[in-house]
Structures are given as structure tokens and as C-alpha cells.
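Trainee: Could you have a look at this structure, given as C-alpha cells, before my questions?
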Amino acid sequence: MALTETVPAAPAHEGILRRQSLRESAARTYARSLPIVPVRARGLTIEGADGRRYLDCLSGAGTLALGHNHPVVLEAIRTVLDSGAPLHVLDLATPVKDAFTTELFATLPRELAEKARIQFCGPAGTDAVEAAFKLVRTATGRDGLMAFSGAYHGMTAEALAASGGAQHTSVVRLPYPYDYRCPFGTGGERGAELAARWTQSLLDDHKSGVPHPAGMILEPVQGEGGVIPAPDSWLRRMREITAARQIPLIVDEVQTGVGRTGAFWAVDHSGIVPDVIVLSKAIGGSLPLAVIVYREELDSWQPGAHAGTFRGNQLAMAAGAATLAYVRANGLDRRAGELGARMLTRLDSLAAAHDCIGEVRGRGLMLGVELVDRDADADATGARPADPVLAAAVRDACLDRGLIVELGGRHSAVVRLLPPLTITDEQADAILDRLADALTAAVRTTPGPTGSSPTTMRGTTP
Ligand code: PMP
């Protein structure tokens, strides 16, 4: 059927957007920067009510491992619907849940899966983070938590307290190994090692003012924090430090999981085995689902210690099991690693051509381009101040060219790419062509933060 026969005309699109801005809260987020009314989607592509098509590199904030409406996901959902199975079952056992758990455990690090428990949480990632905190507090009888600068764990009270945007918090903050803006001014493995030593000294110095904590939470690659992959050596150090001190290590794989970083779980790169793993987003195959999986020794919870009405979403479990199985059977984790590395090489050429790119980085298909003040002097480590105005201009220019990207990072100056793991080489090229073109256009029209005229380009775009 032709698009024009099914989609509302442009005035309907405008009316919907106008009503949204009048009726929805001031806290709305993506809707502000992406004035799109999606009516149809498949794979990498979204169609808006105005008839425009976009390449979606936001993928539901990293949720859509297989892109929009993948046939195996639709088939799994239809099978449940056609079977007459109940859609709401609280936390009762069902064949669908049983199959999901089996599939999930088959993908997890064996040492964890062999002696693991799973808790189905309320359907958002943030609820699973709350559950993880509650679990380790109950198991250790201790209260404090350790988290990292720049982290993002969600929007409920405790998850927010452990995130970089916290306003009031009792969570102890540790330095994350952010190479480009290394807090120790060295970067590289040395910076990561100094960050590890700081953590160790806080724990071992009886006068550090940091009581022995109930747990430590970290992201193997900070996503919202600006696409910052932690070195594997640093992750192994965190594992050693916590294990030696009986501190449960909680790894938040809400965004990095299900092949995104080039391994099925991001912890697989370093080989560390967490005590608790927090999972959401892609595990629901585009529908809401969140769980924690943890070492069975930690399971000292009383019945109902972490409950919730919506812990039994059968459609999400079916869609999630189909997604996990598809990623596993088709080696999409490896594919994400290979394609991501190629895209990073092209982004490196883009960085070589533009003064305004401070760094490009990422792991697998979790990629980021940090935009900086092209006129400012670099500090001792080579970093320059972030340029959020230019980043917003790039995002808008991408949208004009039919490419959806979002911003992340400390100053919202990191353009993030989170395409589905299913994209073809040609689609990857199309994404990077549009991004390069958008960057050139944005640089041309956006003055530098220190008021300079538009920057000059070095060489050619990739
Ligand atoms: N942890 C991480 C690493 C995330 O990226 C997010 C969401 N971006 C969350 C937790 C919270 O998930 P949700 O938005 O589903 O609550």
C-alpha cells in the first residue's frame, strides 16, 4: 500500500505535535529535539506522519538490537497472541517465561548462569537498578553504595542518586576512566590505573570517610555519560578490588547488553563475572522488560522484598527470547564488533578533517563523536572544552538529512550512534555520509563558543 494512502497529511502531523507540546509535561525529552510523529517503522527506518523517512540511530535509546519490527520479533508476539495465553500473570510461571529464562541463561557468563537467580522487576531499567541495590544491601547488611562519575542508571530515586546528574546523594562517587578528559591528567592505561588506585585507597583507608559499602555499580561502557568504554584492564581491577573486599559488583548492562558492544555482554570482553547483572532494553525485543540476574548466595531476600504488578509481560518475554536467540544464532555480536570498528575508522577520518571533533570513540555499535570548541586551546592532556551548541546543530542538521541521532555526555556535546545490529554495510555508509554532511553544514552555520567565525576544514570528509 502506498504511504500516502495510510499516513495522515502534514497538517495532522503538525496538529499532533502541537497538542503534544500543549498537553505533555515539560519533562518530556526526545520529543523536544525530534519533532517526528512515527507512524511506521522497519529495521533502521522510521516513517513520520508527514511522509518523511529517517534512518534511526537512536533505536529506542539502544533498545532495538534487531531494529524496528523485525520479523522474528513480530512472529514471537503473534504466536503468544494467537495461543490464547494470558497476557497478565503477575510473577507466575508460564511456558513463555520459562523459555525466556532458559534462553537468557544460555547467553550469560557460565560461571554466573550456573548458580544464578533471576528477579523479574518492574518493566524499566531503573527498577532493576533499584532491585540490585536492595538485594546487595539485604545480603551484606551494609548500606553505602559506590558509583562512578558520569554514570547513568535511571530516574527513580536511588538509581538517580547513583548517576552523574544526582543533586543530593549519599552514594560515594569514584572516577571513571574517561580517557579524553582524564581526571588525573594522564589518560590511557595509566589514567585508568590511577582511577583504580583511588578506589582502592578509599576502601582501605580507615579515615577515608567511606564506610565499607554494600555494593559497587558500574557500566562497562558509559552510554548516556558520553559513550566512554572502560578499558578491560580497569574492569578486571574493579572486579579484583571488590572481590578481595567482599563487595558485590553490580554491572549495569541495560544499554551495553545483547551484542551492542561486539560481545554478547560487554563483560565478556574482559572476562569478569559480576555478582549482579542488571538487564533491560534489548532483552525485551522492543517491549518493556527488566531483570537482575545474580549469584545465588546473595539471595537472602524475603518473599515480596522486591515486587511489582507488571513483572510478567508475556509479549516482552517472547519478543526478548526471540531477540536473544536471533542475535546468538546469527553472531550479531561479532558483526557489531566488526562493523563498529569499520565505522570508527571512518569516524577517525572525519575527526582528522574537522577541528571541532575532540574525540571519536566507542565499542561495537555504540559510537560517539565528542564535539569541542575549535578555537579553544587544548589542556595539558589534549582535551578542549565541549561545544554543546554545535552538537545540537549537528543533531538538527542530521534530522534535516533524515538521520536520527541523540546527544549524550557531560555537556550534551557527544553525538551518539546506536544503530540496530542488523544494519548492512551500505546502511552504515549512508549513516556516516549523512553525519559527515550534517557536520560540515553545522560547522558552516554555527559560530564557535568563543565567537569565532565558522571553522575551516582539514582535508576531506570520509
Ligand atoms: N542503566 C543504563 C546504563 C541506561 O542506559 C538506562 C537508560 N538509558 C537505565 C539504566 C535506565 O533504564 P530505563 O530508562 O528503562 O529506566
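How things are named: the first chain in the C-alpha cells is A, the next is B, and so on; residues count from 1 in each chain; ligands count from 1 in the order shown.
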Which residues are near ligand 1 in this structure, taking near to mean any atom at most 7 Å from a ligand atom and counting only C-alpha atoms and all ligand atoms? Format them as an mmCIF file with N, CA, C and O atoms, in the first residue's frame.

Mentor:
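What follows is the written file selection_6.cif:
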```cif
data_model
loop_
_atom_site.group_PDB
_atom_site.id
_atom_site.type_symbol
_atom_site.label_atom_id
_atom_site.label_comp_id
_atom_site.auth_asym_id
_atom_site.auth_seq_id
_atom_site.Cartn_x
_atom_site.Cartn_y
_atom_site.Cartn_z
ATOM 1 N N ALA A 61 16.745 4.488 22.312
ATOM 2 C CA ALA A 61 17.828 4.646 23.302
ATOM 3 C C ALA A 61 18.607 3.331 23.472
ATOM 4 O O ALA A 61 18.909 2.908 24.587
ATOM 5 N N ALA A 124 11.020 -1.235 33.798
ATOM 6 C CA ALA A 124 12.048 -0.286 33.357
ATOM 7 C C ALA A 124 13.412 -0.646 33.934
ATOM 8 O O ALA A 124 13.511 -1.244 35.008
ATOM 9 N N GLY A 125 14.440 -0.229 33.232
ATOM 10 C CA GLY A 125 15.800 -0.477 33.688
ATOM 11 C C GLY A 125 16.028 0.060 35.093
ATOM 12 O O GLY A 125 16.687 -0.572 35.926
ATOM 13 N N THR A 126 15.473 1.221 35.354
ATOM 14 C CA THR A 126 15.689 1.867 36.654
ATOM 15 C C THR A 126 15.138 1.008 37.796
ATOM 16 O O THR A 126 15.689 0.995 38.895
ATOM 17 N N ASP A 127 14.077 0.264 37.552
ATOM 18 C CA ASP A 127 13.505 -0.585 38.603
ATOM 19 C C ASP A 127 14.453 -1.750 38.900
ATOM 20 O O ASP A 127 14.604 -2.169 40.057
ATOM 21 N N VAL A 129 17.653 -1.574 38.587
ATOM 22 C CA VAL A 129 18.760 -0.975 39.355
ATOM 23 C C VAL A 129 18.372 -0.875 40.837
ATOM 24 O O VAL A 129 19.152 -1.232 41.726
ATOM 25 N N TYR A 152 25.010 6.727 34.348
ATOM 26 C CA TYR A 152 23.549 6.865 34.251
ATOM 27 C C TYR A 152 22.926 5.515 34.564
ATOM 28 O O TYR A 152 23.208 4.519 33.900
ATOM 29 N N HIS A 153 22.077 5.503 35.600
ATOM 30 C CA HIS A 153 21.429 4.248 35.985
ATOM 31 C C HIS A 153 19.909 4.360 36.026
ATOM 32 O O HIS A 153 19.240 3.377 36.354
ATOM 33 N N GLY A 154 19.361 5.533 35.772
ATOM 34 C CA GLY A 154 17.903 5.639 35.735
ATOM 35 C C GLY A 154 17.394 6.839 36.503
ATOM 36 O O GLY A 154 18.172 7.652 37.015
ATOM 37 N N MET A 155 16.073 6.926 36.595
ATOM 38 C CA MET A 155 15.440 8.141 37.104
ATOM 39 C C MET A 155 14.687 7.948 38.415
ATOM 40 O O MET A 155 14.133 8.915 38.943
ATOM 41 N N GLU A 219 28.931 0.827 34.697
ATOM 42 C CA GLU A 219 28.614 0.495 33.298
ATOM 43 C C GLU A 219 29.932 0.150 32.590
ATOM 44 O O GLU A 219 30.877 0.936 32.661
ATOM 45 N N GLN A 222 30.091 3.619 29.454
ATOM 46 C CA GLN A 222 29.071 4.612 29.840
ATOM 47 C C GLN A 222 28.371 5.091 28.572
ATOM 48 O O GLN A 222 29.020 5.538 27.620
ATOM 49 N N GLY A 223 27.052 4.969 28.577
ATOM 50 C CA GLY A 223 26.275 5.350 27.399
ATOM 51 C C GLY A 223 25.851 6.800 27.465
ATOM 52 O O GLY A 223 26.407 7.667 26.767
ATOM 53 N N GLU A 224 24.905 7.086 28.346
ATOM 54 C CA GLU A 224 24.409 8.468 28.461
ATOM 55 C C GLU A 224 25.553 9.405 28.860
ATOM 56 O O GLU A 224 25.545 10.582 28.537
ATOM 57 N N ASP A 252 25.853 -2.827 35.267
ATOM 58 C CA ASP A 252 24.649 -2.343 34.594
ATOM 59 C C ASP A 252 24.848 -2.521 33.090
ATOM 60 O O ASP A 252 25.583 -1.757 32.456
ATOM 61 N N GLU A 253 24.210 -3.549 32.542
ATOM 62 C CA GLU A 253 24.299 -3.821 31.088
ATOM 63 C C GLU A 253 22.978 -3.480 30.403
ATOM 64 O O GLU A 253 22.631 -4.068 29.373
ATOM 65 N N VAL A 254 22.250 -2.543 31.000
ATOM 66 C CA VAL A 254 20.964 -2.146 30.409
ATOM 67 C C VAL A 254 21.166 -1.696 28.958
ATOM 68 O O VAL A 254 20.386 -2.056 28.070
ATOM 69 N N GLN A 255 22.230 -0.932 28.712
ATOM 70 C CA GLN A 255 22.434 -0.404 27.361
ATOM 71 C C GLN A 255 23.466 -1.199 26.564
ATOM 72 O O GLN A 255 23.403 -1.267 25.335
ATOM 73 N N SER A 280 17.980 -4.755 30.793
ATOM 74 C CA SER A 280 16.680 -4.241 30.329
ATOM 75 C C SER A 280 16.847 -3.912 28.835
ATOM 76 O O SER A 280 17.618 -4.570 28.154
ATOM 77 N N LYS A 281 16.152 -2.932 28.339
ATOM 78 C CA LYS A 281 16.208 -2.507 26.933
ATOM 79 C C LYS A 281 16.121 -3.700 25.973
ATOM 80 O O LYS A 281 15.064 -4.269 25.815
#
```

Trainee: Where in region 99-289 of chain A does DSSP assign strand (DSSP E), given as a ChimeraX atom specification?

Mentor: /A:116-120,145-148,172-174,215-218,221-222,228-229,249-252,276-279

Trainee: When DSSP works through the backbone of this structure, what residues of region 97-238 of chain A end up as helix (DSSP H, G or I), shown as a ChimeraX atom specification?

Mentor: /A:97-107,110-113,125-140,157-161,188-204,232-238

Trainee: Please, what distance in Å, to one decimal, runs between CA of Ala65 (chain A) and CA of Ala263 (chain A)?

Mentor: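 Between CA of Ala65 (chain A) and CA of Ala263 (chain A) the gap works out to 12.8 Å.
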
Trainee: Need to verify the contact set: Thr94 (chain A), 10 Å, only C-alpha atoms, exclusion of same-chain residues closer than 6 positions in sequence. Can you return it as a compact mmCIF listing (two decimals) with all heavy atoms, in the first residue's frame?

Mentor:
```txt
# COMPACT_ATOMS: atom_id res chain seq x y z
N ALA A 85 -2.79 -17.49 25.35
CA ALA A 85 -2.13 -17.41 26.66
C ALA A 85 -2.51 -16.10 27.35
O ALA A 85 -2.74 -15.09 26.67
CB ALA A 85 -0.62 -17.47 26.48
N PRO A 86 -2.58 -16.11 28.68
CA PRO A 86 -2.89 -14.86 29.39
C PRO A 86 -1.74 -13.87 29.20
O PRO A 86 -0.58 -14.28 29.19
CB PRO A 86 -3.00 -15.28 30.86
CG PRO A 86 -2.22 -16.54 30.95
CD PRO A 86 -2.32 -17.22 29.62
N PHE A 100 12.08 -17.92 28.04
CA PHE A 100 12.91 -16.70 28.09
C PHE A 100 14.08 -16.89 29.04
O PHE A 100 15.23 -16.58 28.71
CB PHE A 100 12.06 -15.49 28.53
CG PHE A 100 12.90 -14.28 28.83
CD1 PHE A 100 13.36 -13.47 27.79
CD2 PHE A 100 13.29 -13.97 30.13
CE1 PHE A 100 14.17 -12.37 28.05
CE2 PHE A 100 14.10 -12.88 30.40
CZ PHE A 100 14.54 -12.07 29.36
N GLY A 312 5.36 -9.59 34.59
CA GLY A 312 5.11 -10.82 33.83
C GLY A 312 4.70 -10.57 32.39
O GLY A 312 3.88 -11.28 31.84
N GLN A 314 4.24 -11.08 29.08
CA GLN A 314 4.45 -12.26 28.24
C GLN A 314 4.91 -11.91 26.83
O GLN A 314 5.73 -12.61 26.24
CB GLN A 314 3.16 -13.08 28.17
CG GLN A 314 2.70 -13.58 29.53
CD GLN A 314 3.69 -14.57 30.15
OE1 GLN A 314 3.80 -15.70 29.72
NE2 GLN A 314 4.43 -14.12 31.15
```

Trainee: Excluding same-chain residues fewer than 4 positions from Pro449 (chain A), what lies within 12 Å of it counting only C-alpha atoms, as a list of chain:residue names?

Mentor: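 With the cut-off at 12 Å, the set is A:Cys356, A:Leu371, A:Val372, A:Asp373, A:Arg374, A:Asp375, A:Ala376, A:Arg384, A:Pro385, A:Ala386, A:Asp387, A:Pro388, A:Val389, A:Leu390, A:Ala391, A:Val443, A:Ser453, A:Pro454, A:Thr455.
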
Trainee: How would the residues just chosen look if you wrote them out with N, CA, C and O atoms as a PDB file, in the first residue's frame?

Mentor:
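Listing of selection_14.pdb after writing:
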```pdb
ATOM      1  N   CYS A 356      36.654  20.591  15.077  1.00  0.00           N
ATOM      2  CA  CYS A 356      35.642  20.625  16.136  1.00  0.00           C
ATOM      3  C   CYS A 356      35.388  19.247  16.742  1.00  0.00           C
ATOM      4  O   CYS A 356      34.579  19.125  17.660  1.00  0.00           O
ATOM      5  N   LEU A 371      32.125  16.711  20.433  1.00  0.00           N
ATOM      6  CA  LEU A 371      32.367  17.978  19.748  1.00  0.00           C
ATOM      7  C   LEU A 371      32.897  19.001  20.749  1.00  0.00           C
ATOM      8  O   LEU A 371      32.406  19.114  21.869  1.00  0.00           O
ATOM      9  N   VAL A 372      33.925  19.727  20.307  1.00  0.00           N
ATOM     10  CA  VAL A 372      34.631  20.638  21.212  1.00  0.00           C
ATOM     11  C   VAL A 372      34.796  22.009  20.573  1.00  0.00           C
ATOM     12  O   VAL A 372      34.644  22.170  19.353  1.00  0.00           O
ATOM     13  N   ASP A 373      35.129  22.964  21.417  1.00  0.00           N
ATOM     14  CA  ASP A 373      35.376  24.336  20.972  1.00  0.00           C
ATOM     15  C   ASP A 373      36.620  24.349  20.080  1.00  0.00           C
ATOM     16  O   ASP A 373      37.731  24.110  20.545  1.00  0.00           O
ATOM     17  N   ARG A 374      36.380  24.619  18.774  1.00  0.00           N
ATOM     18  CA  ARG A 374      37.505  24.507  17.837  1.00  0.00           C
ATOM     19  C   ARG A 374      38.518  25.632  18.004  1.00  0.00           C
ATOM     20  O   ARG A 374      39.609  25.575  17.448  1.00  0.00           O
ATOM     21  N   ASP A 375      38.163  26.687  18.744  1.00  0.00           N
ATOM     22  CA  ASP A 375      39.100  27.805  18.909  1.00  0.00           C
ATOM     23  C   ASP A 375      39.872  27.744  20.216  1.00  0.00           C
ATOM     24  O   ASP A 375      40.852  28.443  20.384  1.00  0.00           O
ATOM     25  N   ALA A 376      39.364  26.941  21.155  1.00  0.00           N
ATOM     26  CA  ALA A 376      39.995  26.935  22.471  1.00  0.00           C
ATOM     27  C   ALA A 376      41.308  26.160  22.419  1.00  0.00           C
ATOM     28  O   ALA A 376      41.481  25.259  21.593  1.00  0.00           O
ATOM     29  N   ARG A 384      39.806  19.687  24.779  1.00  0.00           N
ATOM     30  CA  ARG A 384      39.305  21.070  24.680  1.00  0.00           C
ATOM     31  C   ARG A 384      37.879  21.135  25.222  1.00  0.00           C
ATOM     32  O   ARG A 384      37.210  20.098  25.343  1.00  0.00           O
ATOM     33  N   PRO A 385      37.391  22.339  25.614  1.00  0.00           N
ATOM     34  CA  PRO A 385      36.041  22.432  26.190  1.00  0.00           C
ATOM     35  C   PRO A 385      34.974  21.918  25.233  1.00  0.00           C
ATOM     36  O   PRO A 385      35.105  22.048  24.015  1.00  0.00           O
ATOM     37  N   ALA A 386      33.931  21.324  25.788  1.00  0.00           N
ATOM     38  CA  ALA A 386      32.836  20.773  24.977  1.00  0.00           C
ATOM     39  C   ALA A 386      32.088  21.897  24.260  1.00  0.00           C
ATOM     40  O   ALA A 386      32.067  23.034  24.724  1.00  0.00           O
ATOM     41  N   ASP A 387      31.470  21.561  23.130  1.00  0.00           N
ATOM     42  CA  ASP A 387      30.675  22.546  22.378  1.00  0.00           C
ATOM     43  C   ASP A 387      29.248  22.020  22.185  1.00  0.00           C
ATOM     44  O   ASP A 387      28.898  21.492  21.121  1.00  0.00           O
ATOM     45  N   PRO A 388      28.400  22.180  23.226  1.00  0.00           N
ATOM     46  CA  PRO A 388      27.042  21.649  23.117  1.00  0.00           C
ATOM     47  C   PRO A 388      26.190  22.349  22.063  1.00  0.00           C
ATOM     48  O   PRO A 388      25.278  21.730  21.499  1.00  0.00           O
ATOM     49  N   VAL A 389      26.506  23.612  21.761  1.00  0.00           N
ATOM     50  CA  VAL A 389      25.704  24.338  20.762  1.00  0.00           C
ATOM     51  C   VAL A 389      25.938  23.720  19.387  1.00  0.00           C
ATOM     52  O   VAL A 389      24.990  23.443  18.630  1.00  0.00           O
ATOM     53  N   LEU A 390      27.191  23.456  19.091  1.00  0.00           N
ATOM     54  CA  LEU A 390      27.500  22.816  17.810  1.00  0.00           C
ATOM     55  C   LEU A 390      26.886  21.412  17.763  1.00  0.00           C
ATOM     56  O   LEU A 390      26.330  21.001  16.738  1.00  0.00           O
ATOM     57  N   ALA A 391      26.951  20.700  18.890  1.00  0.00           N
ATOM     58  CA  ALA A 391      26.408  19.333  18.912  1.00  0.00           C
ATOM     59  C   ALA A 391      24.907  19.359  18.596  1.00  0.00           C
ATOM     60  O   ALA A 391      24.418  18.537  17.815  1.00  0.00           O
ATOM     61  N   VAL A 443      28.899  23.159  11.066  1.00  0.00           N
ATOM     62  CA  VAL A 443      30.110  23.946  11.324  1.00  0.00           C
ATOM     63  C   VAL A 443      30.044  25.260  10.542  1.00  0.00           C
ATOM     64  O   VAL A 443      30.424  26.321  11.029  1.00  0.00           O
ATOM     65  N   SER A 453      34.421  32.872  13.730  1.00  0.00           N
ATOM     66  CA  SER A 453      33.658  32.529  12.541  1.00  0.00           C
ATOM     67  C   SER A 453      33.753  31.023  12.330  1.00  0.00           C
ATOM     68  O   SER A 453      34.580  30.356  12.943  1.00  0.00           O
ATOM     69  N   PRO A 454      32.902  30.495  11.440  1.00  0.00           N
ATOM     70  CA  PRO A 454      32.905  29.062  11.215  1.00  0.00           C
ATOM     71  C   PRO A 454      34.312  28.518  10.927  1.00  0.00           C
ATOM     72  O   PRO A 454      35.146  29.186  10.335  1.00  0.00           O
ATOM     73  N   THR A 455      34.504  27.271  11.364  1.00  0.00           N
ATOM     74  CA  THR A 455      35.840  26.670  11.292  1.00  0.00           C
ATOM     75  C   THR A 455      36.231  26.310   9.870  1.00  0.00           C
ATOM     76  O   THR A 455      35.385  26.195   8.982  1.00  0.00           O
TER      77      THR A 455
END
```

Trainee: Choose the residue, out of A:Ile250, A:Ala413, A:Leu350, A:Leu289, that has the smallest atom-to-atom separation from Pro274 (chain A); count only C-alpha atoms.

Mentor: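 So, comparing all the options, the nearest one is A:Ile250.
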
Trainee: Just to confirm, what's the straight-line distance from CA of Ile404 (chain A) to CA of Tyr176 (chain A) in Å (one decimal)?

Mentor: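 Calculated distance between CA of Ile404 (chain A) and CA of Tyr176 (chain A) is 28.3 Å.
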
Trainee: With only C-alpha atoms as the basis for distance, which of A:Leu34, A:Val172, A:Thr29, A:Cys182 is at the shortest distance from Asp379 (chain A)?

Mentor: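 When distances to Asp379 (chain A) are compared using only C-alpha atoms, the smallest one comes from A:Cys182.
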
Trainee: Rounded to one decimal, what separation in Å do you get between CA of Val267 (chain A) and CA of Leu44 (chain A)?

Mentor: 26.5 Å

Trainee: Kindly indicate which residue among A:Arg236, A:His212, A:His70, A:His13 lies nearest to Ala322 (chain A), using only C-alpha atoms for the distances.

Mentor: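 The shortest atom-to-atom distance to Ala322 (chain A) comes from A:His70.
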
Trainee: Neighbouring residues of region 295-302 of chain A were defined as those with any atom within 8 Å, considering only C-alpha atoms; residues of the same chain fewer than 2 positions away were excluded. Please report them as a short mmCIF file (atom, residue, chain, number, x, y, z; two decimals) with C-alpha atoms, in the first residue's frame.

Mentor:
```cif
data_model
loop_
_atom_site.label_atom_id
_atom_site.label_comp_id
_atom_site.auth_asym_id
_atom_site.auth_seq_id
_atom_site.Cartn_x
_atom_site.Cartn_y
_atom_site.Cartn_z
CA LEU A 112 27.25 -16.73 36.76
CA LYS A 115 24.45 -20.72 40.07
CA ALA A 116 22.22 -17.76 39.37
CA ARG A 117 18.86 -16.44 40.40
CA LEU A 135 19.48 -7.04 47.03
CA VAL A 136 23.08 -6.21 47.94
CA THR A 138 19.96 -7.11 52.27
CA ALA A 139 22.71 -9.62 51.52
CA ASP A 275 27.85 -10.66 41.25
CA VAL A 276 24.75 -8.93 39.89
CA VAL A 293 20.50 -11.96 37.50
CA GLY A 304 7.92 -9.77 48.33
CA ALA A 305 11.18 -7.92 49.05
#
```

Trainee: Taking only C-alpha atoms into account, which of A:Glu24, A:Asp56, A:Glu370, A:Glu75 comes nearest Asp348 (chain A)?

Mentor: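 Closest residue, counting only C-alpha atoms: A:Glu370.
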
Trainee: Using only C-alpha atoms, which residue out of A:Met317, A:Val258, A:Ile247, A:Ala290 lies closest to Leu421 (chain A)?

Mentor: A:Val258

Trainee: Give me, as a list in words, all polymer residues having an atom no more than 12 Å from Val72 (chain A), counting only C-alpha atoms and skipping those fewer than 5 positions away in the same chain.

Mentor: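 With the cut-off at 12 Å, the set is Gly43, Leu66, Gly67, Ile77, Arg78, Thr79, Gly285, Ser286, Ala318, Ala319, Gly320, Ala321, Ala322, Thr323, Leu324, Ala325, Tyr326 and Val327 of chain A.
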
Trainee: Could you save the residues just selected, with N, CA and C atoms, as a PDB file, in the first residue's frame?

Mentor:
```pdb
ATOM      1  N   GLY A  43      13.182  -2.152  10.569  1.00  0.00           N
ATOM      2  CA  GLY A  43      14.650  -2.154  10.583  1.00  0.00           C
ATOM      3  C   GLY A  43      15.195  -0.830  11.076  1.00  0.00           C
ATOM      4  N   LEU A  66      17.510  -5.547  17.013  1.00  0.00           N
ATOM      5  CA  LEU A  66      17.174  -6.036  15.670  1.00  0.00           C
ATOM      6  C   LEU A  66      16.442  -4.977  14.844  1.00  0.00           C
ATOM      7  N   GLY A  67      16.479  -3.750  15.294  1.00  0.00           N
ATOM      8  CA  GLY A  67      15.767  -2.695  14.580  1.00  0.00           C
ATOM      9  C   GLY A  67      14.267  -2.782  14.848  1.00  0.00           C
ATOM     10  N   ILE A  77       5.624 -12.452  18.953  1.00  0.00           N
ATOM     11  CA  ILE A  77       4.497 -11.769  19.597  1.00  0.00           C
ATOM     12  C   ILE A  77       3.170 -12.372  19.098  1.00  0.00           C
ATOM     13  N   ARG A  78       3.101 -12.556  17.778  1.00  0.00           N
ATOM     14  CA  ARG A  78       1.861 -13.126  17.196  1.00  0.00           C
ATOM     15  C   ARG A  78       1.587 -14.519  17.747  1.00  0.00           C
ATOM     16  N   THR A  79       2.626 -15.297  17.925  1.00  0.00           N
ATOM     17  CA  THR A  79       2.442 -16.668  18.415  1.00  0.00           C
ATOM     18  C   THR A  79       1.795 -16.645  19.804  1.00  0.00           C
ATOM     19  N   GLY A 285      13.216  -7.234  23.427  1.00  0.00           N
ATOM     20  CA  GLY A 285      12.929  -7.257  21.987  1.00  0.00           C
ATOM     21  C   GLY A 285      12.034  -6.117  21.543  1.00  0.00           C
ATOM     22  N   SER A 286      12.168  -4.949  22.164  1.00  0.00           N
ATOM     23  CA  SER A 286      11.446  -3.686  21.887  1.00  0.00           C
ATOM     24  C   SER A 286      10.266  -3.466  22.830  1.00  0.00           C
ATOM     25  N   ALA A 318       8.456 -13.104  25.161  1.00  0.00           N
ATOM     26  CA  ALA A 318       8.514 -13.822  23.880  1.00  0.00           C
ATOM     27  C   ALA A 318       9.371 -13.049  22.875  1.00  0.00           C
ATOM     28  N   ALA A 319       9.149 -11.736  22.795  1.00  0.00           N
ATOM     29  CA  ALA A 319       9.936 -10.908  21.866  1.00  0.00           C
ATOM     30  C   ALA A 319      11.405 -10.922  22.278  1.00  0.00           C
ATOM     31  N   GLY A 320      11.634 -10.890  23.595  1.00  0.00           N
ATOM     32  CA  GLY A 320      13.006 -10.883  24.110  1.00  0.00           C
ATOM     33  C   GLY A 320      13.712 -12.196  23.831  1.00  0.00           C
ATOM     34  N   ALA A 321      13.034 -13.304  24.086  1.00  0.00           N
ATOM     35  CA  ALA A 321      13.661 -14.611  23.835  1.00  0.00           C
ATOM     36  C   ALA A 321      14.004 -14.748  22.354  1.00  0.00           C
ATOM     37  N   ALA A 322      13.093 -14.283  21.493  1.00  0.00           N
ATOM     38  CA  ALA A 322      13.356 -14.369  20.039  1.00  0.00           C
ATOM     39  C   ALA A 322      14.558 -13.503  19.669  1.00  0.00           C
ATOM     40  N   THR A 323      14.678 -12.342  20.295  1.00  0.00           N
ATOM     41  CA  THR A 323      15.811 -11.447  20.001  1.00  0.00           C
ATOM     42  C   THR A 323      17.123 -12.066  20.457  1.00  0.00           C
ATOM     43  N   LEU A 324      17.141 -12.568  21.692  1.00  0.00           N
ATOM     44  CA  LEU A 324      18.374 -13.173  22.217  1.00  0.00           C
ATOM     45  C   LEU A 324      18.806 -14.330  21.313  1.00  0.00           C
ATOM     46  N   ALA A 325      17.822 -15.166  20.935  1.00  0.00           N
ATOM     47  CA  ALA A 325      18.147 -16.340  20.119  1.00  0.00           C
ATOM     48  C   ALA A 325      18.658 -15.910  18.746  1.00  0.00           C
ATOM     49  N   TYR A 326      18.067 -14.877  18.178  1.00  0.00           N
ATOM     50  CA  TYR A 326      18.464 -14.428  16.834  1.00  0.00           C
ATOM     51  C   TYR A 326      19.882 -13.845  16.863  1.00  0.00           C
ATOM     52  N   VAL A 327      20.158 -13.034  17.885  1.00  0.00           N
ATOM     53  CA  VAL A 327      21.498 -12.436  17.999  1.00  0.00           C
ATOM     54  C   VAL A 327      22.531 -13.544  18.153  1.00  0.00           C
TER      55      VAL A 327
END
```

Trainee: Restricting the calculation to only C-alpha atoms: of A:Lys97, A:Arg410, A:Arg19, A:Arg434, which residue gets closest to Ser163 (chain A)?

Mentor: A:Arg410
